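Colleague: Structure provided below as structure tokens; questions to follow.
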Amino acid sequence: HPSLNFIFSVLTTALIINAYNLIDGINGLSGSLTIMSSLIFGFFFLQYNMTDWAFMAFALSAATFGFLQFNFGNASIFMGDNGSTFIGLIQAIFFYQLLHIDYPATNIFPIALSLISIPVFDLLRVFCFRITQKRGPFSPDRSHIHHILLRVFDKAETVVFSVLALNLLLITVATTFSSLMPALLSVCLSVVLIWGFPLAGKKIKLQLEINSQSQ
């Protein structure tokens, strides 16, 4: 139904915008994810002769790269709410546009989802965790994926590269196995991001503590 589609689109857009806003918790993370996803969005747009959309995706990637030089490590400038919500809005538009392309040989939904999967599923995981703790979904804490990894790796730069590696892995898996039923692959991606990676981080942290005590 058109009305339901409109409502669902508005809610999904709000979800993606807030996801990119909340993932901007350490220097360089949101910008790095934006560069990776925008480059791949642009590649798909270019592959199907959507040069205008490809230009916008590559332009966003290039502009974010220029910003990232001053936002990575010991940052001198910051993205802020305006920057992260704007990027979230553009990523949502790219996501919808990619879904409307007719790919005869592949299911595009898992691929499109994987491009924005880290911010989106981290937001869903954190919201679910807070609700189970009988707190408001927007109540502040340090349960985001970058907070968990910071307790493992200590350095923000290592956390950024780890999250980028995970995102690239998810994109590769989604692209390689896109012929599987989209819903099944999406559920697998959700399980990995919502439960698997945070649990792995906690186990790594525990093992590091055991090793430090034994020394």
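Scheme for the structure tokens: letters A, B, ... for chains in order shown; per-chain residue numbers from 1; ligand numbers from 1 in order shown.
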Can you list, as an MDAnalysis selection string, every protein, DNA or RNA residue that comes within 12 Å of range 8-10 of chain A when you count only C-alpha atoms, leaving out same-chain residues fewer than 3 positions away?

Modeller: chainID A and resid 1:5 13:17 89 92:93 95:96

Colleague: Export N, CA, C and O atoms of the chosen residues as a JSON list (two decimals), in the first residue's frame?

Modeller:
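Wrote out06.json, looks like this:
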```json
[["chain", "number", "residue", "atom", "x", "y", "z"],
["A", 1, "HIS", "N", 0.85, -1.19, 0.00],
["A", 1, "HIS", "CA", 0.00, 0.00, 0.00],
["A", 1, "HIS", "C", 0.89, 1.24, 0.00],
["A", 1, "HIS", "O", 1.86, 1.31, 0.77],
["A", 2, "PRO", "N", 0.57, 2.25, -0.83],
["A", 2, "PRO", "CA", 1.45, 3.44, -0.93],
["A", 2, "PRO", "C", 1.64, 4.16, 0.40],
["A", 2, "PRO", "O", 2.74, 4.62, 0.70],
["A", 3, "SER", "N", 0.59, 4.25, 1.21],
["A", 3, "SER", "CA", 0.72, 4.95, 2.50],
["A", 3, "SER", "C", 1.67, 4.22, 3.44],
["A", 3, "SER", "O", 2.50, 4.84, 4.11],
["A", 4, "LEU", "N", 1.55, 2.89, 3.47],
["A", 4, "LEU", "CA", 2.44, 2.11, 4.32],
["A", 4, "LEU", "C", 3.88, 2.19, 3.82],
["A", 4, "LEU", "O", 4.82, 2.26, 4.63],
["A", 5, "ASN", "N", 4.07, 2.18, 2.51],
["A", 5, "ASN", "CA", 5.40, 2.32, 1.94],
["A", 5, "ASN", "C", 6.03, 3.65, 2.32],
["A", 5, "ASN", "O", 7.22, 3.73, 2.64],
["A", 13, "THR", "N", 14.45, 5.99, 6.90],
["A", 13, "THR", "CA", 15.35, 7.13, 6.72],
["A", 13, "THR", "C", 15.78, 7.70, 8.06],
["A", 13, "THR", "O", 16.97, 8.00, 8.28],
["A", 14, "ALA", "N", 14.83, 7.84, 8.98],
["A", 14, "ALA", "CA", 15.15, 8.34, 10.32],
["A", 14, "ALA", "C", 16.12, 7.40, 11.04],
["A", 14, "ALA", "O", 17.03, 7.85, 11.74],
["A", 15, "LEU", "N", 15.92, 6.09, 10.83],
["A", 15, "LEU", "CA", 16.81, 5.11, 11.44],
["A", 15, "LEU", "C", 18.24, 5.26, 10.92],
["A", 15, "LEU", "O", 19.20, 5.28, 11.71],
["A", 16, "ILE", "N", 18.39, 5.38, 9.62],
["A", 16, "ILE", "CA", 19.74, 5.49, 9.02],
["A", 16, "ILE", "C", 20.40, 6.80, 9.44],
["A", 16, "ILE", "O", 21.60, 6.83, 9.77],
["A", 17, "ILE", "N", 19.65, 7.89, 9.46],
["A", 17, "ILE", "CA", 20.20, 9.18, 9.87],
["A", 17, "ILE", "C", 20.71, 9.11, 11.31],
["A", 17, "ILE", "O", 21.85, 9.53, 11.61],
["A", 89, "LEU", "N", 21.58, 11.08, 5.91],
["A", 89, "LEU", "CA", 20.52, 11.32, 4.94],
["A", 89, "LEU", "C", 20.98, 10.94, 3.53],
["A", 89, "LEU", "O", 20.24, 10.27, 2.77],
["A", 92, "ALA", "N", 21.12, 7.22, 3.13],
["A", 92, "ALA", "CA", 19.78, 6.67, 2.99],
["A", 92, "ALA", "C", 19.27, 6.83, 1.56],
["A", 92, "ALA", "O", 18.66, 5.92, 0.99],
["A", 93, "ILE", "N", 19.53, 7.99, 0.95],
["A", 93, "ILE", "CA", 19.12, 8.23, -0.44],
["A", 93, "ILE", "C", 19.84, 7.27, -1.38],
["A", 93, "ILE", "O", 19.23, 6.67, -2.28],
["A", 95, "PHE", "N", 21.01, 4.38, -0.61],
["A", 95, "PHE", "CA", 20.47, 3.05, -0.31],
["A", 95, "PHE", "C", 19.18, 2.80, -1.08],
["A", 95, "PHE", "O", 19.02, 1.76, -1.74],
["A", 96, "TYR", "N", 18.25, 3.75, -1.03],
["A", 96, "TYR", "CA", 16.98, 3.60, -1.75],
["A", 96, "TYR", "C", 17.21, 3.55, -3.26],
["A", 96, "TYR", "O", 16.57, 2.77, -3.97]]
```

Colleague: So that each row is one residue of range 92-154 of chain A with an atom at most 12 Å from range 26-46 of chain A, can you give its shortest atom pair and the distance in Å to one decimal, using only C-alpha atoms, rows by chain and rising number, as a Markdown table?

Modeller:
```
| residue | atom | partner | partner_atom | distance |
| --- | --- | --- | --- | --- |
| A:Ala92 | CA | A:Ser38 | CA | 11.1 |
| A:Ile93 | CA | A:Phe41 | CA | 10.7 |
| A:Phe94 | CA | A:Phe41 | CA | 6.9 |
| A:Phe95 | CA | A:Phe41 | CA | 8.1 |
| A:Tyr96 | CA | A:Phe41 | CA | 10.9 |
| A:Gln97 | CA | A:Phe45 | CA | 8.9 |
| A:Leu98 | CA | A:Phe45 | CA | 7.5 |
| A:Leu99 | CA | A:Phe44 | CA | 10.9 |
| A:His100 | CA | A:Phe45 | CA | 11.1 |
| A:Ile101 | CA | A:Phe45 | CA | 8.8 |
| A:Asp102 | CA | A:Phe45 | CA | 11.5 |
| A:Tyr103 | CA | A:Phe44 | CA | 10.4 |
| A:Ile108 | CA | A:Phe44 | CA | 10.2 |
| A:Ile111 | CA | A:Phe41 | CA | 9.8 |
| A:Ala112 | CA | A:Phe41 | CA | 8.2 |
| A:Leu113 | CA | A:Ser37 | CA | 10.4 |
| A:Ser114 | CA | A:Ser37 | CA | 8.9 |
| A:Leu115 | CA | A:Ser37 | CA | 5.2 |
| A:Ile116 | CA | A:Ser37 | CA | 7.0 |
| A:Ser117 | CA | A:Ser37 | CA | 9.9 |
| A:Ile118 | CA | A:Leu33 | CA | 8.4 |
| A:Pro119 | CA | A:Ser30 | CA | 8.5 |
| A:Val120 | CA | A:Leu33 | CA | 11.8 |
| A:Arg142 | CA | A:Ile26 | CA | 11.6 |
| A:His144 | CA | A:Ile26 | CA | 10.6 |
| A:Ile145 | CA | A:Ile26 | CA | 10.7 |
| A:His146 | CA | A:Ile26 | CA | 7.3 |
| A:His147 | CA | A:Ile26 | CA | 8.6 |
| A:Ile148 | CA | A:Ile26 | CA | 11.9 |
| A:Leu149 | CA | A:Ile26 | CA | 11.0 |
| A:Leu150 | CA | A:Ile26 | CA | 9.4 |
| A:Asp154 | CA | A:Ile26 | CA | 11.8 |
```

Colleague: When you count only C-alpha atoms, which of these residues is closest to Phe86 in chain A: A:Arg125, A:Ala19, A:Asn107, A:Ser143?

Modeller: A:Ala19

Colleague: Assign secondary structure with DSSP using the backbone only, and return the residues of range 14-211 of chain A in helix (DSSP H, G or I) as a ChimeraX atom specification.

Modeller: /A:14-22,29-47,51-68,80-99,108-115,117-132,145-153,156-176,182-211

Colleague: If you keep C-alpha atoms, can you produce a file of those selected residues as a compact mmCIF listing (two decimals), in the first residue's frame?

Modeller:
```
# COMPACT_ATOMS: atom_id res chain seq x y z
CA ALA A 14 15.15 8.34 10.32
CA LEU A 15 16.81 5.11 11.44
CA ILE A 16 19.74 5.49 9.02
CA ILE A 17 20.20 9.18 9.87
CA ASN A 18 20.34 8.45 13.61
CA ALA A 19 22.60 5.45 13.01
CA TYR A 20 25.25 7.61 11.36
CA ASN A 21 24.86 10.23 14.05
CA LEU A 22 25.39 7.74 16.89
CA LEU A 29 34.95 6.31 12.32
CA SER A 30 31.86 7.82 10.68
CA GLY A 31 33.96 9.48 7.97
CA SER A 32 35.82 6.27 7.16
CA LEU A 33 32.61 4.26 6.88
CA THR A 34 31.15 6.98 4.66
CA ILE A 35 34.12 6.87 2.29
CA MET A 36 33.93 3.09 1.95
CA SER A 37 30.17 2.92 1.39
CA SER A 38 30.08 5.92 -0.97
CA LEU A 39 32.84 4.48 -3.15
CA ILE A 40 30.99 1.19 -3.50
CA PHE A 41 27.65 2.93 -4.06
CA GLY A 42 29.35 4.93 -6.80
CA PHE A 43 30.80 1.78 -8.36
CA PHE A 44 27.35 0.18 -8.64
CA PHE A 45 25.83 3.37 -10.01
CA LEU A 46 28.61 3.65 -12.58
CA GLN A 47 28.21 0.02 -13.57
CA THR A 51 26.63 8.70 -13.98
CA ASP A 52 24.85 11.49 -12.07
CA TRP A 53 24.42 9.31 -9.00
CA ALA A 54 27.94 7.94 -9.34
CA PHE A 55 29.30 11.49 -9.46
CA MET A 56 27.43 12.39 -6.26
CA ALA A 57 28.67 9.27 -4.48
CA PHE A 58 32.30 9.83 -5.53
CA ALA A 59 32.03 13.54 -4.67
CA LEU A 60 30.81 12.71 -1.16
CA SER A 61 33.64 10.22 -0.76
CA ALA A 62 36.24 12.75 -1.92
CA ALA A 63 34.86 15.53 0.29
CA THR A 64 34.80 13.21 3.30
CA PHE A 65 38.39 12.15 2.59
CA GLY A 66 39.48 15.79 2.69
CA PHE A 67 37.67 16.21 6.01
CA LEU A 68 39.09 12.96 7.39
CA GLY A 80 29.21 17.19 14.78
CA ASP A 81 25.50 16.40 14.64
CA ASN A 82 24.89 18.44 11.50
CA GLY A 83 27.63 16.65 9.56
CA SER A 84 26.73 13.13 10.69
CA THR A 85 22.99 13.54 10.13
CA PHE A 86 23.61 15.02 6.68
CA ILE A 87 25.81 12.06 5.77
CA GLY A 88 23.15 9.70 7.13
CA LEU A 89 20.52 11.32 4.94
CA ILE A 90 22.69 11.02 1.81
CA GLN A 91 23.50 7.38 2.61
CA ALA A 92 19.78 6.67 2.99
CA ILE A 93 19.12 8.23 -0.44
CA PHE A 94 21.90 6.15 -2.00
CA PHE A 95 20.47 3.05 -0.31
CA TYR A 96 16.98 3.60 -1.75
CA GLN A 97 18.37 4.42 -5.19
CA LEU A 98 20.40 1.23 -5.26
CA LEU A 99 17.34 -0.82 -4.31
CA ILE A 108 20.64 -6.30 -4.52
CA PHE A 109 19.04 -5.92 -1.08
CA PRO A 110 21.73 -7.78 0.94
CA ILE A 111 24.45 -5.81 -0.88
CA ALA A 112 22.76 -2.47 -0.26
CA LEU A 113 22.15 -3.40 3.37
CA SER A 114 25.76 -4.44 3.91
CA LEU A 115 26.97 -0.99 2.83
CA SER A 117 25.17 -2.36 8.07
CA ILE A 118 27.65 -1.27 10.74
CA PRO A 119 25.85 1.94 11.82
CA VAL A 120 22.34 0.52 11.39
CA PHE A 121 22.77 -2.76 13.22
CA ASP A 122 24.86 -1.14 15.95
CA LEU A 123 21.97 1.25 16.56
CA LEU A 124 19.46 -1.62 16.68
CA ARG A 125 21.70 -3.62 19.02
CA VAL A 126 22.18 -0.70 21.41
CA PHE A 127 18.48 0.17 21.41
CA CYS A 128 17.54 -3.46 22.16
CA PHE A 129 20.13 -3.62 24.94
CA ARG A 130 18.89 -0.42 26.57
CA ILE A 131 15.26 -1.48 26.39
CA THR A 132 16.05 -4.84 28.01
CA ILE A 145 30.57 -1.13 19.02
CA HIS A 146 33.39 1.44 19.09
CA HIS A 147 33.13 1.69 22.89
CA ILE A 148 33.41 -2.09 23.20
CA LEU A 149 36.42 -2.21 20.90
CA LEU A 150 38.08 0.70 22.68
CA ARG A 151 38.13 -1.43 25.83
CA VAL A 152 39.92 -4.11 23.81
CA PHE A 153 42.36 -2.16 21.65
CA ALA A 156 40.93 4.80 18.46
CA GLU A 157 42.83 4.33 15.18
CA THR A 158 42.92 0.54 15.70
CA VAL A 159 39.20 0.53 16.39
CA VAL A 160 38.50 2.42 13.16
CA PHE A 161 40.54 -0.01 11.07
CA SER A 162 38.90 -3.00 12.80
CA VAL A 163 35.39 -1.72 12.08
CA LEU A 164 36.36 -0.97 8.46
CA ALA A 165 37.71 -4.51 8.10
CA LEU A 166 34.47 -5.92 9.46
CA ASN A 167 32.42 -3.74 7.12
CA LEU A 168 34.51 -4.83 4.13
CA LEU A 169 34.08 -8.47 5.15
CA LEU A 170 30.30 -8.09 5.36
CA ILE A 171 30.19 -6.36 1.96
CA THR A 172 32.30 -9.14 0.44
CA VAL A 173 30.09 -11.86 1.90
CA ALA A 174 26.91 -10.10 0.78
CA THR A 175 28.26 -9.61 -2.75
CA THR A 176 29.55 -13.15 -3.04
CA PRO A 182 17.95 -11.98 0.71
CA ALA A 183 16.08 -12.39 3.98
CA LEU A 184 18.29 -15.30 5.08
CA LEU A 185 21.50 -13.42 4.33
CA SER A 186 20.19 -10.29 6.04
CA VAL A 187 19.39 -12.29 9.18
CA CYS A 188 22.92 -13.73 9.17
CA LEU A 189 24.40 -10.24 8.89
CA SER A 190 22.17 -9.09 11.73
CA VAL A 191 23.25 -11.91 14.03
CA VAL A 192 26.93 -11.25 13.35
CA LEU A 193 26.66 -7.53 14.04
CA ILE A 194 24.16 -7.52 16.89
CA TRP A 195 25.56 -10.43 18.89
CA GLY A 196 28.66 -12.04 17.43
CA PHE A 197 31.11 -9.16 17.17
CA PRO A 198 30.43 -7.61 20.61
CA LEU A 199 30.73 -11.03 22.27
CA ALA A 200 34.00 -11.65 20.44
CA GLY A 201 35.28 -8.30 21.68
CA LYS A 202 34.47 -9.18 25.27
CA LYS A 203 36.25 -12.55 24.95
CA ILE A 204 39.33 -10.87 23.47
CA LYS A 205 39.38 -8.34 26.32
CA LEU A 206 39.07 -11.12 28.92
CA GLN A 207 41.91 -13.07 27.32
CA LEU A 208 44.13 -9.97 27.28
CA GLU A 209 43.44 -9.42 30.99
CA ILE A 210 44.32 -13.05 31.75
CA ASN A 211 47.56 -12.77 29.77
```

Colleague: For CA of Gly25 in chain A and CA of Pro140 in chain A, quote the distance in Å rounded to one decimal.

Modeller: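 About the pair CA of Gly25 in chain A and CA of Pro140 in chain A: they are 11.6 Å apart.
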